[in-house]
>>> print(open('final-v3.cif').read())   # mmCIF, C-alpha atoms
data_model
loop_
_atom_site.label_atom_id
_atom_site.label_comp_id
_atom_site.auth_asym_id
_atom_site.auth_seq_id
_atom_site.Cartn_x
_atom_site.Cartn_y
_atom_site.Cartn_z
CA MET A 185 -82.55 -23.53 -27.60
CA GLY A 186 -83.09 -19.83 -27.09
CA GLY A 187 -83.61 -17.83 -23.92
CA GLY A 188 -86.45 -17.82 -21.43
CA LYS A 189 -87.68 -20.35 -18.91
CA MET A 190 -86.47 -23.93 -19.32
CA LYS A 191 -87.70 -27.30 -18.11
CA ILE A 192 -84.84 -29.25 -16.53
CA GLY A 193 -85.02 -32.91 -15.55
CA VAL A 194 -82.75 -34.29 -12.83
CA ASP A 195 -82.01 -37.92 -11.99
CA CYS A 196 -82.73 -38.00 -8.24
CA GLY A 197 -83.02 -41.76 -7.86
CA CYS A 198 -80.45 -41.68 -5.05
CA LEU A 199 -82.68 -39.40 -2.95
CA GLY A 200 -85.36 -42.08 -2.67
CA VAL A 201 -83.27 -44.51 -0.59
CA LYS A 202 -84.75 -45.60 2.74
CA ASP A 203 -81.64 -47.10 4.34
CA GLU A 204 -80.03 -44.40 6.53
CA SER A 205 -76.57 -45.94 6.08
CA LEU A 206 -76.78 -45.24 2.32
CA LYS A 207 -77.42 -41.52 2.78
CA VAL A 208 -73.78 -40.66 2.24
CA GLY A 209 -71.54 -39.76 -0.70
CA VAL A 210 -73.62 -39.17 -3.82
CA TYR A 211 -76.81 -38.78 -1.75
CA GLN A 212 -75.29 -35.89 0.21
CA ILE A 213 -73.82 -34.24 -2.88
CA VAL A 214 -77.09 -34.38 -4.86
CA LYS A 215 -79.24 -33.28 -1.90
CA ASN A 216 -77.12 -30.29 -0.93
CA THR A 217 -76.40 -29.23 -4.51
CA LEU A 218 -80.14 -29.07 -5.24
CA ILE A 219 -80.75 -27.03 -2.09
CA GLU A 220 -78.09 -24.51 -3.16
CA LEU A 221 -79.31 -24.56 -6.77
CA SER A 222 -82.82 -23.69 -5.62
CA GLN A 223 -81.38 -20.55 -4.00
CA ILE A 224 -79.67 -19.56 -7.25
CA ASP A 225 -82.30 -20.43 -9.86
CA LYS A 226 -85.85 -19.22 -9.18
CA GLU A 227 -86.88 -19.14 -12.83
CA ASN A 228 -86.36 -22.52 -14.52
CA GLU A 229 -88.62 -25.47 -13.73
CA TYR A 230 -86.88 -28.53 -12.25
CA LEU A 231 -88.43 -31.99 -12.44
CA LEU A 232 -86.75 -34.25 -9.88
CA TYR A 233 -87.21 -37.81 -11.13
CA SER A 234 -87.10 -40.60 -8.54
CA PHE A 235 -88.61 -44.07 -8.13
CA ASN A 236 -89.42 -43.47 -4.45
CA PRO A 237 -90.74 -40.19 -3.03
CA ILE A 238 -88.00 -37.76 -2.00
CA GLU A 239 -88.11 -36.96 1.72
CA LYS A 240 -90.45 -34.11 2.64
CA GLU A 241 -87.63 -32.40 4.52
CA ILE A 242 -85.63 -32.08 1.29
CA ILE A 243 -88.62 -30.92 -0.78
CA LYS A 244 -89.39 -28.24 1.83
CA ALA A 245 -85.85 -26.89 1.50
CA LEU A 246 -86.32 -26.39 -2.26
CA GLY A 247 -88.08 -23.62 -4.18
CA ASN A 248 -91.57 -23.90 -5.69
CA ASN A 249 -89.99 -24.41 -9.11
CA PHE A 250 -88.64 -27.81 -7.96
CA LYS A 251 -91.10 -30.72 -8.22
CA ASN A 252 -90.66 -34.41 -7.42
CA VAL A 253 -91.85 -36.71 -10.21
CA ILE A 254 -92.22 -40.39 -9.29
CA VAL A 255 -91.40 -42.79 -12.13
CA ARG A 256 -92.06 -46.51 -11.71
CA PRO A 257 -91.35 -49.39 -11.88
CA ILE A 258 -87.68 -49.47 -10.81
CA ARG A 259 -86.86 -52.38 -13.12
CA GLY A 260 -86.09 -50.92 -16.53
CA TRP A 261 -86.07 -47.40 -15.06
CA MET A 262 -83.11 -45.97 -17.01
CA LYS A 263 -83.78 -47.88 -20.22
CA LEU A 264 -87.53 -47.49 -20.62
CA PHE A 265 -89.71 -45.82 -17.99
CA LEU A 266 -87.59 -42.73 -17.28
CA PRO A 267 -86.95 -42.12 -21.03
CA LEU A 268 -90.71 -42.35 -21.67
CA ARG A 269 -91.46 -39.84 -18.90
CA ILE A 270 -88.76 -37.48 -20.11
CA PHE A 271 -90.21 -37.64 -23.63
CA ARG A 272 -93.68 -36.90 -22.27
CA ASP A 273 -92.42 -33.95 -20.19
CA ARG A 274 -90.60 -32.38 -23.16
CA ILE A 275 -87.63 -31.29 -21.08
CA ASP A 276 -84.93 -28.94 -22.40
CA ILE A 277 -81.99 -30.18 -20.29
CA PHE A 278 -81.38 -33.40 -18.36
CA ILE A 279 -78.91 -33.51 -15.46
CA GLY A 280 -77.53 -37.00 -14.79
CA ALA A 281 -76.69 -36.50 -11.13
CA ASN A 282 -76.06 -40.21 -10.53
CA GLN A 283 -73.25 -40.75 -13.07
CA ALA A 284 -75.70 -42.11 -15.61
CA LEU A 285 -77.87 -40.97 -18.49
CA PRO A 286 -81.13 -42.66 -19.54
CA LEU A 287 -81.50 -44.01 -23.04
CA LYS A 288 -82.76 -41.30 -25.35
CA MET A 289 -86.10 -41.79 -27.08
CA PRO A 290 -86.34 -41.01 -30.81
CA PHE A 291 -87.24 -37.35 -31.46
CA SER A 292 -86.02 -36.29 -27.99
CA ASN A 293 -83.77 -33.27 -28.49
CA TYR A 294 -82.84 -32.23 -24.95
CA LYS A 295 -79.26 -31.32 -23.96
CA SER A 296 -77.52 -33.22 -21.19
CA ILE A 297 -75.21 -32.52 -18.25
CA SER A 298 -73.75 -35.38 -16.26
CA ILE A 299 -71.91 -35.43 -12.95
CA ILE A 300 -69.14 -38.03 -12.78
CA TYR A 301 -67.71 -38.82 -9.36
CA ASP A 302 -65.06 -41.38 -10.23
CA ILE A 303 -64.37 -44.34 -12.49
CA ALA A 304 -62.35 -46.37 -9.99
CA PHE A 305 -64.05 -49.56 -11.21
CA GLU A 306 -62.07 -49.25 -14.45
CA LYS A 307 -58.82 -49.53 -12.46
CA PHE A 308 -59.94 -51.81 -9.64
CA PRO A 309 -62.78 -53.99 -11.02
CA GLU A 310 -62.23 -56.57 -8.25
CA ILE A 311 -63.34 -54.15 -5.53
CA TYR A 312 -66.71 -53.44 -7.18
CA SER A 313 -68.08 -56.98 -7.17
CA TYR A 314 -70.00 -56.20 -3.93
CA ALA A 315 -72.75 -54.07 -5.47
CA ALA A 316 -73.32 -54.56 -9.17
CA SER A 317 -71.40 -55.85 -12.11
CA VAL A 318 -68.48 -53.79 -13.37
CA ASN A 319 -70.12 -53.97 -16.79
CA LYS A 320 -73.16 -52.13 -15.44
CA HIS A 321 -70.97 -49.38 -13.97
CA LYS A 322 -69.09 -49.12 -17.27
CA PHE A 323 -72.26 -48.99 -19.35
CA TYR A 324 -73.81 -46.08 -17.45
CA SER A 325 -70.55 -44.20 -16.88
CA GLU A 326 -69.58 -44.38 -20.56
CA ARG A 327 -73.02 -42.99 -21.42
CA ALA A 328 -72.58 -40.26 -18.82
CA ALA A 329 -69.26 -39.33 -20.42
CA GLU A 330 -71.13 -38.73 -23.71
CA ALA A 331 -73.19 -35.87 -22.21
CA ASP A 332 -72.95 -32.43 -23.80
CA ILE A 333 -71.30 -31.20 -20.59
CA VAL A 334 -69.56 -33.38 -18.00
CA ILE A 335 -69.01 -32.12 -14.46
CA SER A 336 -66.00 -33.83 -12.87
CA ILE A 337 -65.56 -33.50 -9.12
CA SER A 338 -61.75 -33.70 -9.24
CA GLN A 339 -58.90 -33.14 -11.66
CA LYS A 340 -57.97 -36.81 -11.20
CA THR A 341 -61.39 -37.94 -12.41
CA LYS A 342 -61.22 -35.46 -15.30
CA ASP A 343 -57.87 -36.91 -16.40
CA ASP A 344 -59.21 -40.48 -16.09
CA LEU A 345 -62.25 -39.61 -18.24
CA ALA A 346 -60.07 -38.18 -20.98
CA LYS A 347 -57.65 -41.10 -20.87
CA ILE A 348 -60.01 -44.07 -20.46
CA TYR A 349 -63.21 -42.86 -22.18
CA HIS A 350 -61.50 -40.44 -24.59
CA ALA A 351 -63.90 -37.70 -23.54
CA SER A 352 -62.99 -34.25 -24.84
CA LYS A 353 -61.32 -32.19 -22.11
CA ASN A 354 -63.09 -29.12 -23.51
CA LYS A 355 -66.50 -30.41 -22.38
CA ILE A 356 -65.31 -31.71 -18.98
CA LYS A 357 -65.70 -29.02 -16.36
CA LEU A 358 -63.90 -29.34 -13.02
CA ALA A 359 -66.02 -28.37 -10.00
CA TYR A 360 -65.38 -29.42 -6.41
CA PRO A 361 -68.41 -30.25 -4.26
CA GLY A 362 -68.55 -29.23 -0.64
CA ILE A 363 -69.58 -30.58 2.72
CA VAL A 364 -72.40 -29.71 5.08
CA PRO A 365 -70.79 -27.63 7.85
CA LEU A 366 -70.60 -29.82 10.93
CA PRO A 367 -72.12 -28.35 14.11
CA GLU A 368 -69.79 -26.81 16.67
CA ILE A 369 -69.98 -29.23 19.54
CA SER A 370 -67.81 -30.58 22.33
CA LYS A 371 -65.20 -33.22 21.56
CA TYR A 372 -66.02 -36.90 21.85
CA THR A 373 -64.17 -38.13 24.91
CA LEU A 374 -62.77 -41.52 25.81
CA GLU A 375 -60.56 -42.58 28.66
CA ASP A 376 -57.85 -43.10 26.04
CA SER A 377 -57.01 -41.09 22.90
CA TYR A 378 -58.12 -42.45 19.53
CA PHE A 379 -57.60 -42.39 15.77
CA LEU A 380 -60.72 -42.22 13.61
CA TYR A 381 -61.82 -43.68 10.30
CA VAL A 382 -65.12 -42.53 8.76
CA GLY A 383 -66.58 -44.12 5.64
CA ALA A 384 -67.77 -47.37 4.11
CA LEU A 385 -66.09 -50.61 5.15
CA LYS A 386 -66.03 -51.94 1.60
CA LYS A 387 -63.00 -53.38 -0.13
CA GLY A 388 -61.69 -50.27 -1.87
CA LYS A 389 -61.30 -48.44 1.44
CA ASN A 390 -58.39 -50.72 2.35
CA ILE A 391 -59.39 -51.17 6.01
CA PRO A 392 -57.15 -54.25 6.54
CA THR A 393 -54.08 -52.06 5.90
CA LEU A 394 -55.40 -49.51 8.39
CA ILE A 395 -55.77 -52.22 11.04
CA LYS A 396 -52.24 -53.51 10.36
CA ALA A 397 -50.84 -49.98 10.52
CA PHE A 398 -52.62 -49.38 13.83
CA ALA A 399 -51.15 -52.62 15.19
CA GLU A 400 -47.67 -51.41 14.11
CA PHE A 401 -48.31 -48.06 15.78
CA ARG A 402 -49.36 -49.72 19.03
CA LYS A 403 -46.10 -51.71 19.10
CA ILE A 404 -44.07 -48.47 19.07
CA SER A 405 -46.45 -46.27 21.07
CA LYS A 406 -46.39 -45.83 24.83
CA ASN A 407 -50.06 -44.78 24.88
CA LYS A 408 -53.03 -47.12 24.86
CA THR A 409 -54.57 -45.33 21.91
CA LYS A 410 -57.70 -46.79 20.30
CA LEU A 411 -58.94 -47.00 16.71
CA LEU A 412 -62.59 -46.11 16.05
CA LEU A 413 -64.20 -46.96 12.71
CA ALA A 414 -67.47 -45.23 11.86
CA GLY A 415 -69.24 -46.68 8.83
CA GLY A 416 -72.01 -48.98 7.69
CA ASN A 417 -71.22 -52.66 7.21
CA LYS A 418 -73.09 -53.02 3.93
CA TRP A 419 -70.74 -54.74 1.43
CA ILE A 420 -68.14 -55.13 4.20
CA ASP A 421 -64.69 -56.30 3.11
CA PRO A 422 -64.33 -59.94 4.26
CA GLU A 423 -60.58 -59.39 4.72
CA ILE A 424 -61.31 -57.20 7.76
CA LYS A 425 -62.37 -60.20 9.84
CA LEU A 426 -59.33 -62.22 8.75
CA THR A 427 -56.95 -59.34 9.52
CA LEU A 428 -58.40 -58.92 13.02
CA LYS A 429 -57.60 -62.58 13.75
CA GLU A 430 -53.92 -61.97 12.95
CA ILE A 431 -53.28 -59.22 15.51
CA PRO A 432 -52.80 -59.61 19.28
CA TYR A 433 -55.96 -59.50 21.42
CA THR A 434 -54.63 -56.59 23.49
CA ILE A 435 -54.57 -54.47 20.32
CA LYS A 436 -57.72 -55.94 18.76
CA SER A 437 -59.69 -55.10 21.92
CA ASP A 438 -58.94 -51.42 21.28
CA ILE A 439 -60.41 -51.44 17.77
CA HIS A 440 -64.08 -50.45 17.86
CA PHE A 441 -66.60 -50.54 15.00
CA LEU A 442 -69.25 -47.90 15.67
CA GLY A 443 -71.56 -48.60 12.72
CA ALA A 444 -72.98 -45.88 10.47
CA ILE A 445 -73.09 -42.45 12.13
CA THR A 446 -76.08 -40.53 10.75
CA LYS A 447 -76.32 -37.68 13.28
CA PRO A 448 -74.11 -34.68 12.37
CA GLU A 449 -73.63 -33.87 16.06
CA LYS A 450 -72.12 -37.30 16.80
CA LEU A 451 -69.95 -37.17 13.67
CA SER A 452 -68.67 -33.70 14.51
CA SER A 453 -67.90 -34.76 18.06
CA LEU A 454 -65.95 -37.80 16.82
CA TYR A 455 -63.81 -35.77 14.41
CA ARG A 456 -63.11 -33.09 17.00
CA GLY A 457 -61.99 -35.59 19.63
CA ALA A 458 -59.70 -37.65 17.36
CA ILE A 459 -55.91 -37.44 17.25
CA ALA A 460 -56.27 -37.76 13.47
CA PHE A 461 -58.54 -39.06 10.72
CA VAL A 462 -56.83 -41.98 8.97
CA SER A 463 -57.79 -43.56 5.63
CA PRO A 464 -55.49 -45.57 3.31
CA SER A 465 -58.23 -45.66 0.62
CA LEU A 466 -57.21 -47.07 -2.76
CA TYR A 467 -59.21 -44.46 -4.68
CA GLU A 468 -61.42 -41.46 -3.94
CA GLY A 469 -63.24 -39.39 -6.53
CA PHE A 470 -63.34 -36.55 -4.01
CA GLY A 471 -63.17 -37.84 -0.43
CA LEU A 472 -65.89 -36.18 1.67
CA PRO A 473 -64.61 -37.52 5.04
CA PHE A 474 -61.17 -36.00 4.37
CA VAL A 475 -62.75 -32.57 3.90
CA GLU A 476 -65.10 -33.06 6.86
CA ALA A 477 -62.12 -33.85 9.08
CA MET A 478 -60.13 -30.84 7.87
CA SER A 479 -63.14 -28.54 8.31
CA VAL A 480 -63.16 -29.08 12.09
CA GLY A 481 -59.40 -29.09 12.53
CA CYS A 482 -58.89 -32.85 12.67
CA PRO A 483 -55.46 -33.72 11.18
CA VAL A 484 -55.51 -36.11 8.21
CA ILE A 485 -53.43 -39.17 7.34
CA GLY A 486 -54.29 -40.59 3.92
CA SER A 487 -53.02 -42.52 0.94
CA ASP A 488 -51.38 -40.86 -2.04
CA ARG A 489 -53.90 -42.34 -4.49
CA GLY A 490 -56.85 -41.08 -6.51
CA SER A 491 -57.84 -37.48 -5.80
CA ILE A 492 -56.59 -37.51 -2.18
CA PRO A 493 -53.29 -35.65 -2.91
CA GLU A 494 -55.30 -33.08 -4.88
CA ILE A 495 -57.97 -32.56 -2.19
CA VAL A 496 -55.72 -32.74 0.89
CA GLY A 497 -52.42 -31.45 -0.51
CA ASN A 498 -49.85 -30.53 2.14
CA SER A 499 -52.61 -30.16 4.73
CA GLY A 500 -52.17 -33.80 5.73
CA LEU A 501 -49.67 -36.66 5.77
CA LEU A 502 -49.94 -38.89 2.70
CA PHE A 503 -48.35 -42.31 2.20
CA ASP A 504 -48.50 -45.26 -0.15
CA ALA A 505 -51.78 -47.07 0.50
CA PHE A 506 -50.03 -50.28 1.61
CA ASP A 507 -47.14 -48.73 3.57
CA THR A 508 -48.17 -49.92 7.05
CA ARG A 509 -44.92 -48.75 8.65
CA GLY A 510 -45.16 -45.31 7.03
CA ILE A 511 -48.77 -44.89 8.20
CA ALA A 512 -47.84 -46.13 11.69
CA GLY A 513 -44.97 -43.63 11.78
CA ALA A 514 -47.34 -40.83 10.80
CA MET A 515 -49.71 -41.88 13.59
CA GLU A 516 -46.84 -41.78 16.08
CA LYS A 517 -45.64 -38.37 14.89
CA ILE A 518 -49.09 -36.80 15.16
CA ALA A 519 -49.83 -38.48 18.48
CA THR A 520 -46.60 -37.33 20.16
CA ASN A 521 -45.91 -33.93 18.57
CA LYS A 522 -48.57 -31.44 19.68
CA GLU A 523 -47.02 -28.54 17.78
CA PHE A 524 -46.97 -30.52 14.53
CA ARG A 525 -50.55 -31.71 15.12
CA GLU A 526 -51.76 -28.14 15.61
CA ALA A 527 -49.93 -26.95 12.47
CA LEU A 528 -51.67 -29.65 10.38
CA SER A 529 -54.98 -28.72 11.97
CA LYS A 530 -54.62 -25.08 10.88
CA LYS A 531 -53.60 -26.05 7.35
CA GLY A 532 -56.60 -28.37 7.06
CA LEU A 533 -59.03 -25.72 8.28
CA GLU A 534 -57.77 -23.32 5.62
CA LYS A 535 -57.79 -25.92 2.84
CA SER A 536 -61.37 -27.02 3.62
CA LYS A 537 -62.69 -23.50 2.89
CA LYS A 538 -62.01 -24.16 -0.79
CA TYR A 539 -64.87 -26.64 -1.00
CA SER A 540 -68.53 -25.55 -0.90
CA PHE A 541 -71.84 -26.74 -2.31
CA LYS A 542 -72.70 -23.15 -3.20
CA ASN A 543 -69.72 -22.97 -5.55
CA PHE A 544 -70.56 -26.41 -6.95
CA ALA A 545 -74.19 -25.43 -7.60
CA ASN A 546 -73.04 -22.19 -9.23
CA ALA A 547 -70.79 -24.16 -11.57
CA ILE A 548 -73.70 -26.38 -12.63
CA TYR A 549 -76.03 -23.40 -13.07
CA SER A 550 -73.42 -21.70 -15.24
CA GLU A 551 -73.40 -24.72 -17.57
CA VAL A 552 -77.21 -24.81 -17.62
CA GLU A 553 -77.22 -21.18 -18.77
CA LYS A 554 -74.71 -21.94 -21.54
CA LEU A 555 -77.03 -24.62 -22.96
CA LYS A 556 -79.96 -22.23 -23.40
#
>>> encode(input="final-v3.cif", output="C-alpha cells")
Amino acid sequence: MGGGKMKIGVDCGCLGVKDESLKVGVYQIVKNTLIELSQIDKENEYLLYSFNPIEKEIIKALGNNFKNVIVRPIRGWMKLFLPLRIFRDRIDIFIGANQALPLKMPFSNYKSISIIYDIAFEKFPEIYSYAASVNKHKFYSERAAEADIVISISQKTKDDLAKIYHASKNKIKLAYPGIVPLPEISKYTLEDSYFLYVGALKKGKNIPTLIKAFAEFRKISKNKTKLLLAGGNKWIDPEIKLTLKEIPYTIKSDIHFLGAITKPEKLSSLYRGAIAFVSPSLYEGFGLPFVEAMSVGCPVIGSDRGSIPEIVGNSGLLFDAFDTRGIAGAMEKIATNKEFREALSKKGLEKSKKYSFKNFANAIYSEVEKLK
C-alpha cells in the first residue's frame, strides 16, 4: 500500500443511536477510542460512516481529519449502501468497530481491521433471542473474524475466535479497552448500606441468581442491607419478575431498580457508596462495570465465567455463576469484614490502572501503520 497519508473508513453506526440507555458498552468503547485516536493520528483521513449523524459533542472532540459521513438508508446498510459508499470513497483501510464488516464490492482492494468484543451467542444462543437472530450475529461476526487484523478485547475472546471460527492466532491482537475516569464525588448515601449491580437487565446477566443470592444473604445478615440495580430495562429478562415473586416481601422491598444511569456523577456516587459491586454474569467480553467499580475502589463480586477472571483476577471474589450460597457468603464477608473490604478495594484500584482507552487506541493505530 506504500507510505504516506491514508484514507481510513470506520463503521460508526453505533454512535448514531438516540436512546440514552443504549449509549453503553460498544458505544462507549468506539466513542472514546476515536477521541484518543484523534490525539495520536493527525495525518490520516478518517471517514466515520453512520446512518444517523454523530453527536456534535463527539465530533468536536475529534481532529479535523475526522469526518462524519452519513450513509442511508439503514435497511441494507452493510450489504449494499455502505459497500457502495466505501467503493466511491476509495478507502485504504476499513475498521469494523461494531464486530462486523460490510460486503466487499468487486475491485475494492482495501485492508480491514475488525474489533471483536465477544462471541457469547455461539455458547449461549438462547440468551440472544431478545435483539436479533443468532444467525445474524454469527454472519457478521464470522465476517469480522476474516479481517486482515482482528482486535480482541480479551484473551478469552481471542481463544474463542481461534477455537470456534478457526481464526489464525497470528492475526488476532489482544488489546484491552479502558473506561472513562469517573468523577471524584461524594458517596451515594442511603439510610441502609447497599450492594450494587450496574449493567443491562437482559438474560445473559443472570439477574435472577443475583436476586436469589441477595435473599440468601439477607437471611444470614443482621443488617438491613439493600440491593440497587442500575440498568436499562430494554430486553429485560422475564425471569426477574418471576424470581421476585418467590422471595419474601420484606426482602423484595429492599431491592430497587434505578433504571439506566447516564450521568457519570450519579454512577460514580453509586459505586463509591456501595459495599460491593455484584454481577453473576454468564459471559463478558470485557466487563466495563467491573473495571469502573475497581477504578473507584468499590470491591467486586463476580462470576468465574467469560473474561471476568482475566479482567478482575484476585482483585475480587469470583464464584460459579449459579452458586447462590457462595455469592451470599461473599456478600456477608465483605459486608462484615472492613479490613478485608479495604484490601480488595486497594487491589481493584491497582488492577484498574491496567486498562485505558489511550493504550487501546495506540494498539489500533499500530496495526493501521503495519497495513500501510
>>> resolve_selection(input="final-v3.cif", expression="the PyMOL selection byres ((chain A and resi 507) around 10)", output="PyMOL selection string")
chain A and resi 393-394+396-397+464+487+503-506+508-513
>>> resolve_selection(input="final-v3.cif", expression="the PyMOL selection byres ((chain A and resi 340) around 10)", output="VMD selection string")
chain A and resid 302 to 303 336 to 339 341 to 345 358 468 to 470 489 to 495
>>> write_last_selection(input="final-v3.cif", atoms="C-alpha atoms", output="compact mmCIF listing (two decimals), in the coordinates of the input")
# COMPACT_ATOMS: atom_id res chain seq x y z
CA ASP A 302 -65.06 -41.38 -10.23
CA ILE A 303 -64.37 -44.34 -12.49
CA SER A 336 -66.00 -33.83 -12.87
CA ILE A 337 -65.56 -33.50 -9.12
CA SER A 338 -61.75 -33.70 -9.24
CA GLN A 339 -58.90 -33.14 -11.66
CA THR A 341 -61.39 -37.94 -12.41
CA LYS A 342 -61.22 -35.46 -15.30
CA ASP A 343 -57.87 -36.91 -16.40
CA ASP A 344 -59.21 -40.48 -16.09
CA LEU A 345 -62.25 -39.61 -18.24
CA LEU A 358 -63.90 -29.34 -13.02
CA GLU A 468 -61.42 -41.46 -3.94
CA GLY A 469 -63.24 -39.39 -6.53
CA PHE A 470 -63.34 -36.55 -4.01
CA ARG A 489 -53.90 -42.34 -4.49
CA GLY A 490 -56.85 -41.08 -6.51
CA SER A 491 -57.84 -37.48 -5.80
CA ILE A 492 -56.59 -37.51 -2.18
CA PRO A 493 -53.29 -35.65 -2.91
CA GLU A 494 -55.30 -33.08 -4.88
CA ILE A 495 -57.97 -32.56 -2.19
>>> closest_residue(input="final-v3.cif", among="A:Gly200, A:Pro473, A:Leu454, A:Lys307", to="Lys347 in chain A", atoms="all atoms listed in the file")
A:Lys307
>>> closest_residue(input="final-v3.cif", among="A:Asn293, A:Asn249, A:Ser479, A:Ser452", to="Ile224 in chain A", atoms="all atoms listed in the file")
A:Asn249
>>> closest_residue(input="final-v3.cif", among="A:Ala519, A:Ile311, A:Leu199, A:Val364", to="Pro448 in chain A", atoms="all atoms listed in the file")
A:Val364
>>> decode(input="final-v3.cif", residues="range 236-257 of chain A", atoms="N, CA and C atoms", output="PDB file, in the first residue's frame")
ATOM      1  N   ASN A 236     -27.100   7.685  11.144  1.00  0.00           N
ATOM      2  CA  ASN A 236     -27.624   8.907  11.760  1.00  0.00           C
ATOM      3  C   ASN A 236     -26.436   9.793  12.089  1.00  0.00           C
ATOM      4  N   PRO A 237     -26.621  11.107  12.114  1.00  0.00           N
ATOM      5  CA  PRO A 237     -25.491  11.999  12.432  1.00  0.00           C
ATOM      6  C   PRO A 237     -24.903  11.691  13.813  1.00  0.00           C
ATOM      7  N   ILE A 238     -23.586  11.679  13.893  1.00  0.00           N
ATOM      8  CA  ILE A 238     -22.911  11.504  15.181  1.00  0.00           C
ATOM      9  C   ILE A 238     -23.065  12.798  15.970  1.00  0.00           C
ATOM     10  N   GLU A 239     -23.257  12.683  17.266  1.00  0.00           N
ATOM     11  CA  GLU A 239     -23.467  13.853  18.120  1.00  0.00           C
ATOM     12  C   GLU A 239     -22.366  14.903  17.919  1.00  0.00           C
ATOM     13  N   LYS A 240     -22.777  16.153  17.928  1.00  0.00           N
ATOM     14  CA  LYS A 240     -21.834  17.268  17.722  1.00  0.00           C
ATOM     15  C   LYS A 240     -20.740  17.273  18.788  1.00  0.00           C
ATOM     16  N   GLU A 241     -21.114  16.877  20.001  1.00  0.00           N
ATOM     17  CA  GLU A 241     -20.159  16.854  21.109  1.00  0.00           C
ATOM     18  C   GLU A 241     -18.984  15.924  20.809  1.00  0.00           C
ATOM     19  N   ILE A 242     -19.299  14.778  20.185  1.00  0.00           N
ATOM     20  CA  ILE A 242     -18.248  13.812  19.833  1.00  0.00           C
ATOM     21  C   ILE A 242     -17.390  14.361  18.708  1.00  0.00           C
ATOM     22  N   ILE A 243     -18.034  14.902  17.668  1.00  0.00           N
ATOM     23  CA  ILE A 243     -17.309  15.442  16.516  1.00  0.00           C
ATOM     24  C   ILE A 243     -16.362  16.563  16.950  1.00  0.00           C
ATOM     25  N   LYS A 244     -16.813  17.396  17.887  1.00  0.00           N
ATOM     26  CA  LYS A 244     -15.978  18.495  18.385  1.00  0.00           C
ATOM     27  C   LYS A 244     -14.724  17.997  19.086  1.00  0.00           C
ATOM     28  N   ALA A 245     -14.832  16.813  19.682  1.00  0.00           N
ATOM     29  CA  ALA A 245     -13.694  16.249  20.431  1.00  0.00           C
ATOM     30  C   ALA A 245     -12.663  15.603  19.509  1.00  0.00           C
ATOM     31  N   LEU A 246     -12.994  15.488  18.218  1.00  0.00           N
ATOM     32  CA  LEU A 246     -12.103  14.842  17.254  1.00  0.00           C
ATOM     33  C   LEU A 246     -11.321  15.875  16.447  1.00  0.00           C
ATOM     34  N   GLY A 247     -10.252  15.419  15.809  1.00  0.00           N
ATOM     35  CA  GLY A 247      -9.435  16.301  14.982  1.00  0.00           C
ATOM     36  C   GLY A 247     -10.118  16.625  13.658  1.00  0.00           C
ATOM     37  N   ASN A 248      -9.558  17.590  12.929  1.00  0.00           N
ATOM     38  CA  ASN A 248     -10.117  17.999  11.633  1.00  0.00           C
ATOM     39  C   ASN A 248     -10.014  16.909  10.571  1.00  0.00           C
ATOM     40  N   ASN A 249      -9.164  15.907  10.837  1.00  0.00           N
ATOM     41  CA  ASN A 249      -9.009  14.821   9.861  1.00  0.00           C
ATOM     42  C   ASN A 249     -10.041  13.703  10.084  1.00  0.00           C
ATOM     43  N   PHE A 250     -11.012  13.957  10.972  1.00  0.00           N
ATOM     44  CA  PHE A 250     -12.099  13.004  11.212  1.00  0.00           C
ATOM     45  C   PHE A 250     -13.405  13.618  10.716  1.00  0.00           C
ATOM     46  N   LYS A 251     -14.060  12.949   9.768  1.00  0.00           N
ATOM     47  CA  LYS A 251     -15.294  13.492   9.182  1.00  0.00           C
ATOM     48  C   LYS A 251     -16.416  12.465   9.247  1.00  0.00           C
ATOM     49  N   ASN A 252     -17.601  12.926   9.630  1.00  0.00           N
ATOM     50  CA  ASN A 252     -18.781  12.050   9.676  1.00  0.00           C
ATOM     51  C   ASN A 252     -19.406  11.969   8.288  1.00  0.00           C
ATOM     52  N   VAL A 253     -19.602  10.752   7.809  1.00  0.00           N
ATOM     53  CA  VAL A 253     -20.237  10.523   6.508  1.00  0.00           C
ATOM     54  C   VAL A 253     -21.536   9.755   6.749  1.00  0.00           C
ATOM     55  N   ILE A 254     -22.662  10.382   6.407  1.00  0.00           N
ATOM     56  CA  ILE A 254     -23.970   9.744   6.603  1.00  0.00           C
ATOM     57  C   ILE A 254     -24.285   8.860   5.400  1.00  0.00           C
ATOM     58  N   VAL A 255     -24.618   7.612   5.678  1.00  0.00           N
ATOM     59  CA  VAL A 255     -24.966   6.661   4.610  1.00  0.00           C
ATOM     60  C   VAL A 255     -26.363   6.121   4.905  1.00  0.00           C
ATOM     61  N   ARG A 256     -27.263   6.296   3.959  1.00  0.00           N
ATOM     62  CA  ARG A 256     -28.639   5.823   4.123  1.00  0.00           C
ATOM     63  C   ARG A 256     -29.096   5.110   2.870  1.00  0.00           C
ATOM     64  N   PRO A 257     -30.151   4.302   2.950  1.00  0.00           N
ATOM     65  CA  PRO A 257     -30.988   4.005   4.111  1.00  0.00           C
ATOM     66  C   PRO A 257     -30.341   2.972   5.038  1.00  0.00           C
TER      67      PRO A 257
END
